[in-house]
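*Asks:* The structure follows.
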Amino acid sequence: RGRALAVRKDKGNCLACHAMPIPEAAPYGDVGPPLTHVAARLTEGELRLRVVDEKLVNPATIMPGFYRHPRHFNRVLPG
């Protein structure tokens, strides 16, 4: 379900800015860092923080915050 969310333009739309190991979903954006093996690099909590408010980790980021509604803060779908 996480992969499906990442590629949907009306939901995650991660591919707009990030390369991901999803060949059938190419082309990818190159504004953000590649998300290959992101689950091995970040804990679920770290990933959640970066999606909701990356500016807390990297104040210079241009990535907008997603899913800021309090009811959805702890929802990170597995890849």
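Residue numbering restarts at 1 for every chain of the structure tokens, chains are lettered A, B, ... in their displayed order, and ligands are numbered from 1 as they appear.
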Skipping near chain neighbours, those fewer than 3 positions away, what residues fall within 7 Å of Ala16 in chain A using only C-alpha atoms, listed as a JSON list (two decimals) with N, CA and C atoms, in the first residue's frame?

*Replies:*
[["chain", "number", "residue", "atom", "x", "y", "z"],
["A", 13, "ASN", "N", 2.35, 11.26, -4.29],
["A", 13, "ASN", "CA", 3.04, 11.87, -5.43],
["A", 13, "ASN", "C", 4.54, 12.03, -5.21],
["A", 28, "TYR", "N", 10.81, 9.91, -13.22],
["A", 28, "TYR", "CA", 10.89, 10.37, -11.84],
["A", 28, "TYR", "C", 11.39, 11.81, -11.81],
["A", 29, "GLY", "N", 11.10, 12.47, -10.69],
["A", 29, "GLY", "CA", 11.67, 13.79, -10.47],
["A", 29, "GLY", "C", 13.09, 13.66, -9.94]]

*Asks:* I need the residues of chain A that end up classed as alpha helix (DSSP H) by DSSP on the backbone, written out as an MDAnalysis selection string.

*Replies:* chainID A and resid 2:7 38:41 44:53

*Asks:* For Glu54 in chain A, please output as a VMD selection string all residues within 10 Å (counting only C-alpha atoms; exclusion window: fewer than 5 positions along the same chain).

*Replies:* chain A and resid 46 to 49 59 to 66

*Asks:* May I have the selected residues written with C-alpha atoms, as a compact mmCIF listing (two decimals), in the first residue's frame?

*Replies:*
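Output below, filename again.txt:
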# COMPACT_ATOMS: atom_id res chain seq x y z
CA GLU A 46 11.99 9.20 11.13
CA LEU A 47 10.17 8.62 7.86
CA ARG A 48 6.92 9.88 9.36
CA LEU A 49 8.66 13.04 10.64
CA PRO A 59 15.41 23.79 7.70
CA ALA A 60 16.66 24.53 4.17
CA THR A 61 14.40 21.93 2.50
CA ILE A 62 11.90 22.85 -0.18
CA MET A 63 9.80 19.75 0.54
CA PRO A 64 6.33 20.70 1.76
CA GLY A 65 4.79 18.94 4.73
CA PHE A 66 2.17 16.28 3.99

*Asks:* Could you check how far CA of Val7 in chain A sits from CA of Glu24 in chain A, in Å to one decimal?

*Replies:*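 Value for the CA of Val7 in chain A-CA of Glu24 in chain A distance: 10.2 Å.
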
*Asks:* Pick out the residues sitting within 6 Å of range 31-44 of chain A, and hand them over as a ChimeraX atom specification; count only C-alpha atoms, and ignore anything fewer than 4 positions along from it in its own chain.

*Replies:* /A:17-21

*Asks:* Output C-alpha atoms of each residue in that selection to a file, as a PDB file, in the first residue's frame.

*Replies:*
ATOM      1  CA  CYS A  17      10.427  14.935  -6.845  1.00  0.00           C
ATOM      2  CA  HIS A  18      12.114  11.626  -5.949  1.00  0.00           C
ATOM      3  CA  ALA A  19      13.489   8.654  -7.889  1.00  0.00           C
ATOM      4  CA  MET A  20      12.164   5.342  -6.581  1.00  0.00           C
ATOM      5  CA  PRO A  21      12.802   1.711  -7.547  1.00  0.00           C
TER       6      PRO A  21
END

*Asks:* Could you please determine the separation between CA of Ala25 in chain A and CA of Arg8 in chain A in Å, to one decimal place?

*Replies:* 9.8 Å

*Asks:* Show me, as a count of residues only, the residues that have an atom within 12 Å of Lys11 in chain A when counting only C-alpha atoms, minus same-chain residues fewer than 6 positions from it.

*Replies:* 7

*Asks:* What does the structure give for the distance between CA of Asp30 in chain A and CA of Leu15 in chain A, in Å to one decimal?

*Replies:*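 Computing the Euclidean distance for CA of Asp30 in chain A and CA of Leu15 in chain A yields 8.8 Å.
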